[in-house]
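Data first, discussion second: the structure below is written as structure tokens.
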Amino acid sequence: MQKTLLTGKLHQARVTHAELNYEGSCAIDQDFLDQSGILEYEKIEIYNIETGGRFSTYAICGERGSKVISVNGVAARMVAVGDRVIICAYASMSEAEIATHKPNLVYLDADNNIVRTSKDVPIQVA
């Protein structure tokens with residue numbers, strides 16, 4: 001049996017560009033891709049913290065060190081520059097893979113600086 005698990009996440013990234021007339025996709029700083037393990041052309045889910053909107057597209061490489069998060073094409077209508085978003089990638093895994101899997105979590109500040117990385121989602125307490 002295969003199950004779908006989180007593999008990489010950019011938490012609270014700020015949208016720097018919304019380019020309606022671009023072919024499509026989401027350009028992400030190469031440093032962020034490296035840290036999160038998200039690959040160029042990989043399907044990603046984007047969750048807009050400001051609006052609650054959720055949509056999918058694919059990642060493309062943005063200039064390394066630019067801190068760019070550019071939502072392009074039709075998806076540009078789903079965000080505004082400055083919106084906080086969560087960008088996630090998932091993969092189907094076997095039970096054997098699941099047993100040792102840990103996602104790559106990247107936490108960003110308001111200026112898209114990486115403030116920390118982790119392999120564990122904090123336990124939610126009541």
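Just so we're on the same page: first chain in the structure tokens is A, next is B, and so on; residues restart at 1 for each chain, and ligands are numbered from 1 in the order they show up.
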**Study point:** Residue contacts of His101 (chain A) (12 Å, only C-alpha atoms) excluding same-chain residues fewer than 5 positions away, as a list in words
**Key:** Lys3, Thr4, Leu5, Leu6, Thr7, Gly8, Tyr90, Ala91, Ser92, Met93, Ser94, Glu95, Ala96, Lys119 and Asp120 of chain A
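Residues in contact range of Thr16 (chain A), defined as at most 12 Å between only C-alpha atoms, with sequence neighbours fewer than 4 positions away removed, read Cys26, Ala27, Ile28, Asp29, Gly62, Ser66, Lys67, Val68, Ile69, Ser70, Val71, Asn72, Ala76, Val79, Ala80, Val81, Gly82, Asp83, Arg84, Val85, Ala110, Asp111 and Asn112 of chain A.
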For those residues, write N, CA and C atoms to a file as a PDB file, in the first residue's frame.
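Dumped everything to selection-v2.pdb:
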```pdb
ATOM      1  N   CYS A  26       5.544  28.375 -10.062  1.00  0.00           N
ATOM      2  CA  CYS A  26       5.967  29.195  -8.927  1.00  0.00           C
ATOM      3  C   CYS A  26       7.487  29.178  -8.870  1.00  0.00           C
ATOM      4  N   ALA A  27       8.096  30.323  -9.093  1.00  0.00           N
ATOM      5  CA  ALA A  27       9.553  30.441  -9.003  1.00  0.00           C
ATOM      6  C   ALA A  27       9.932  30.589  -7.537  1.00  0.00           C
ATOM      7  N   ILE A  28      10.868  29.742  -7.103  1.00  0.00           N
ATOM      8  CA  ILE A  28      11.290  29.702  -5.705  1.00  0.00           C
ATOM      9  C   ILE A  28      12.814  29.790  -5.663  1.00  0.00           C
ATOM     10  N   ASP A  29      13.337  30.665  -4.811  1.00  0.00           N
ATOM     11  CA  ASP A  29      14.785  30.810  -4.620  1.00  0.00           C
ATOM     12  C   ASP A  29      15.429  29.422  -4.535  1.00  0.00           C
ATOM     13  N   GLY A  62      14.179  29.740  -8.915  1.00  0.00           N
ATOM     14  CA  GLY A  62      14.390  31.176  -8.884  1.00  0.00           C
ATOM     15  C   GLY A  62      15.852  31.447  -8.589  1.00  0.00           C
ATOM     16  N   SER A  66      17.983  35.221  -4.003  1.00  0.00           N
ATOM     17  CA  SER A  66      17.055  36.316  -4.310  1.00  0.00           C
ATOM     18  C   SER A  66      15.881  36.403  -3.339  1.00  0.00           C
ATOM     19  N   LYS A  67      15.603  35.315  -2.625  1.00  0.00           N
ATOM     20  CA  LYS A  67      14.457  35.206  -1.712  1.00  0.00           C
ATOM     21  C   LYS A  67      13.129  35.296  -2.457  1.00  0.00           C
ATOM     22  N   VAL A  68      13.144  35.020  -3.747  1.00  0.00           N
ATOM     23  CA  VAL A  68      11.951  35.136  -4.580  1.00  0.00           C
ATOM     24  C   VAL A  68      10.962  34.001  -4.317  1.00  0.00           C
ATOM     25  N   ILE A  69       9.714  34.386  -4.227  1.00  0.00           N
ATOM     26  CA  ILE A  69       8.565  33.490  -4.275  1.00  0.00           C
ATOM     27  C   ILE A  69       7.618  34.162  -5.267  1.00  0.00           C
ATOM     28  N   SER A  70       7.666  33.710  -6.525  1.00  0.00           N
ATOM     29  CA  SER A  70       6.875  34.331  -7.582  1.00  0.00           C
ATOM     30  C   SER A  70       5.792  33.365  -8.044  1.00  0.00           C
ATOM     31  N   VAL A  71       4.557  33.714  -7.753  1.00  0.00           N
ATOM     32  CA  VAL A  71       3.428  32.889  -8.181  1.00  0.00           C
ATOM     33  C   VAL A  71       3.001  33.408  -9.548  1.00  0.00           C
ATOM     34  N   ASN A  72       2.992  32.509 -10.538  1.00  0.00           N
ATOM     35  CA  ASN A  72       2.876  32.931 -11.926  1.00  0.00           C
ATOM     36  C   ASN A  72       1.658  32.347 -12.621  1.00  0.00           C
ATOM     37  N   ALA A  76      -1.449  33.367 -10.174  1.00  0.00           N
ATOM     38  CA  ALA A  76      -1.175  34.715  -9.672  1.00  0.00           C
ATOM     39  C   ALA A  76      -2.444  35.399  -9.177  1.00  0.00           C
ATOM     40  N   VAL A  79      -3.090  35.027  -5.162  1.00  0.00           N
ATOM     41  CA  VAL A  79      -2.236  35.650  -4.150  1.00  0.00           C
ATOM     42  C   VAL A  79      -2.078  37.135  -4.433  1.00  0.00           C
ATOM     43  N   ALA A  80      -1.568  37.834  -3.445  1.00  0.00           N
ATOM     44  CA  ALA A  80      -1.121  39.216  -3.614  1.00  0.00           C
ATOM     45  C   ALA A  80       0.307  39.292  -3.094  1.00  0.00           C
ATOM     46  N   VAL A  81       1.091  40.175  -3.675  1.00  0.00           N
ATOM     47  CA  VAL A  81       2.446  40.380  -3.177  1.00  0.00           C
ATOM     48  C   VAL A  81       2.360  40.712  -1.690  1.00  0.00           C
ATOM     49  N   GLY A  82       3.177  40.043  -0.913  1.00  0.00           N
ATOM     50  CA  GLY A  82       3.186  40.239   0.544  1.00  0.00           C
ATOM     51  C   GLY A  82       2.414  39.186   1.309  1.00  0.00           C
ATOM     52  N   ASP A  83       1.559  38.410   0.617  1.00  0.00           N
ATOM     53  CA  ASP A  83       0.822  37.345   1.303  1.00  0.00           C
ATOM     54  C   ASP A  83       1.789  36.320   1.874  1.00  0.00           C
ATOM     55  N   ARG A  84       1.432  35.784   3.042  1.00  0.00           N
ATOM     56  CA  ARG A  84       2.173  34.666   3.621  1.00  0.00           C
ATOM     57  C   ARG A  84       1.574  33.380   3.069  1.00  0.00           C
ATOM     58  N   VAL A  85       2.444  32.484   2.612  1.00  0.00           N
ATOM     59  CA  VAL A  85       1.988  31.213   2.062  1.00  0.00           C
ATOM     60  C   VAL A  85       2.793  30.070   2.665  1.00  0.00           C
ATOM     61  N   ALA A 110       9.503  37.319   7.931  1.00  0.00           N
ATOM     62  CA  ALA A 110       8.745  38.250   7.087  1.00  0.00           C
ATOM     63  C   ALA A 110       9.539  38.753   5.886  1.00  0.00           C
ATOM     64  N   ASP A 111      10.885  38.613   5.921  1.00  0.00           N
ATOM     65  CA  ASP A 111      11.732  39.047   4.814  1.00  0.00           C
ATOM     66  C   ASP A 111      12.256  37.869   3.998  1.00  0.00           C
ATOM     67  N   ASN A 112      11.641  36.702   4.173  1.00  0.00           N
ATOM     68  CA  ASN A 112      12.047  35.462   3.492  1.00  0.00           C
ATOM     69  C   ASN A 112      13.475  35.045   3.814  1.00  0.00           C
TER      70      ASN A 112
END
```
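Shortest atom-to-atom contact with Ser36 (chain A) among A:Asn104, A:Ser118, A:Gln12, A:Asn113: A:Asn104, counting only C-alpha atoms.
For the pair CA of Lys102 (chain A) and CA of Ile44 (chain A), the separation is 17.6 Å.
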Of A:Gln2, A:Thr117, A:Ser25, A:Ser56, the one nearest to Tyr41 (chain A) when counting only C-alpha atoms is A:Ser25
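Reported to one decimal place, the separation of CA of Thr57 (chain A) from CA of Leu10 (chain A) is 14.7 Å.
Listed by chain and then by rising number, the residues of chain A that DSSP assigns to alpha helix (DSSP H) from the backbone are Gln30, Asp31, Phe32, Leu33, Asp34, Gln35, Ser36, Glu95, Ala96, Glu97, Ile98, Ala99 and Thr100 of chain A.
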Output file for the selection above: N, CA, C and O atoms, as a PDB file, in the first residue's frame:
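Written file, part-v3.pdb:
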```
ATOM      1  N   GLN A  30      16.477  29.207  -5.308  1.00  0.00           N
ATOM      2  CA  GLN A  30      17.153  27.897  -5.335  1.00  0.00           C
ATOM      3  C   GLN A  30      17.614  27.465  -3.943  1.00  0.00           C
ATOM      4  O   GLN A  30      17.590  26.274  -3.625  1.00  0.00           O
ATOM      5  N   ASP A  31      18.006  28.407  -3.087  1.00  0.00           N
ATOM      6  CA  ASP A  31      18.394  28.055  -1.717  1.00  0.00           C
ATOM      7  C   ASP A  31      17.224  27.421  -0.968  1.00  0.00           C
ATOM      8  O   ASP A  31      17.410  26.462  -0.211  1.00  0.00           O
ATOM      9  N   PHE A  32      16.012  27.958  -1.170  1.00  0.00           N
ATOM     10  CA  PHE A  32      14.828  27.402  -0.509  1.00  0.00           C
ATOM     11  C   PHE A  32      14.515  26.006  -1.044  1.00  0.00           C
ATOM     12  O   PHE A  32      14.137  25.112  -0.284  1.00  0.00           O
ATOM     13  N   LEU A  33      14.660  25.830  -2.360  1.00  0.00           N
ATOM     14  CA  LEU A  33      14.441  24.506  -2.945  1.00  0.00           C
ATOM     15  C   LEU A  33      15.430  23.494  -2.363  1.00  0.00           C
ATOM     16  O   LEU A  33      15.044  22.388  -1.973  1.00  0.00           O
ATOM     17  N   ASP A  34      16.694  23.882  -2.283  1.00  0.00           N
ATOM     18  CA  ASP A  34      17.718  22.987  -1.748  1.00  0.00           C
ATOM     19  C   ASP A  34      17.401  22.586  -0.305  1.00  0.00           C
ATOM     20  O   ASP A  34      17.482  21.406   0.049  1.00  0.00           O
ATOM     21  N   GLN A  35      17.057  23.560   0.514  1.00  0.00           N
ATOM     22  CA  GLN A  35      16.797  23.286   1.929  1.00  0.00           C
ATOM     23  C   GLN A  35      15.551  22.425   2.142  1.00  0.00           C
ATOM     24  O   GLN A  35      15.519  21.591   3.035  1.00  0.00           O
ATOM     25  N   SER A  36      14.534  22.635   1.313  1.00  0.00           N
ATOM     26  CA  SER A  36      13.270  21.904   1.478  1.00  0.00           C
ATOM     27  C   SER A  36      13.255  20.572   0.741  1.00  0.00           C
ATOM     28  O   SER A  36      12.389  19.730   0.993  1.00  0.00           O
ATOM     29  N   GLU A  95       5.151   1.432   2.974  1.00  0.00           N
ATOM     30  CA  GLU A  95       5.229   1.371   4.432  1.00  0.00           C
ATOM     31  C   GLU A  95       6.678   1.318   4.902  1.00  0.00           C
ATOM     32  O   GLU A  95       7.024   1.895   5.934  1.00  0.00           O
ATOM     33  N   ALA A  96       7.556   0.655   4.155  1.00  0.00           N
ATOM     34  CA  ALA A  96       8.975   0.597   4.516  1.00  0.00           C
ATOM     35  C   ALA A  96       9.608   1.984   4.450  1.00  0.00           C
ATOM     36  O   ALA A  96      10.395   2.361   5.333  1.00  0.00           O
ATOM     37  N   GLU A  97       9.282   2.762   3.425  1.00  0.00           N
ATOM     38  CA  GLU A  97       9.814   4.123   3.301  1.00  0.00           C
ATOM     39  C   GLU A  97       9.266   5.021   4.407  1.00  0.00           C
ATOM     40  O   GLU A  97       9.992   5.847   4.965  1.00  0.00           O
ATOM     41  N   ILE A  98       8.002   4.845   4.729  1.00  0.00           N
ATOM     42  CA  ILE A  98       7.352   5.662   5.757  1.00  0.00           C
ATOM     43  C   ILE A  98       8.036   5.489   7.107  1.00  0.00           C
ATOM     44  O   ILE A  98       8.176   6.451   7.879  1.00  0.00           O
ATOM     45  N   ALA A  99       8.484   4.283   7.396  1.00  0.00           N
ATOM     46  CA  ALA A  99       9.069   3.974   8.700  1.00  0.00           C
ATOM     47  C   ALA A  99      10.261   4.864   9.047  1.00  0.00           C
ATOM     48  O   ALA A  99      10.500   5.145  10.223  1.00  0.00           O
ATOM     49  N   THR A 100      11.004   5.326   8.047  1.00  0.00           N
ATOM     50  CA  THR A 100      12.193   6.148   8.313  1.00  0.00           C
ATOM     51  C   THR A 100      12.084   7.569   7.753  1.00  0.00           C
ATOM     52  O   THR A 100      13.031   8.344   7.860  1.00  0.00           O
TER      53      THR A 100
END
```
So which residues of chain A fall under strand (DSSP E or B) by DSSP, listed as a VMD selection string?
chain A and resid 3 to 14 17 to 19 25 to 29 43 to 48 54 to 62 69 to 72 84 to 93 104 to 108 114 to 118
Judged by only C-alpha atoms, the minimum distance to Asn21 (chain A) among A:Val74, A:Cys61, A:Phe55, A:Lys9 is found for A:Val74
Here CA of Val106 (chain A) and CA of Val121 (chain A) stand apart by 10.7 Å
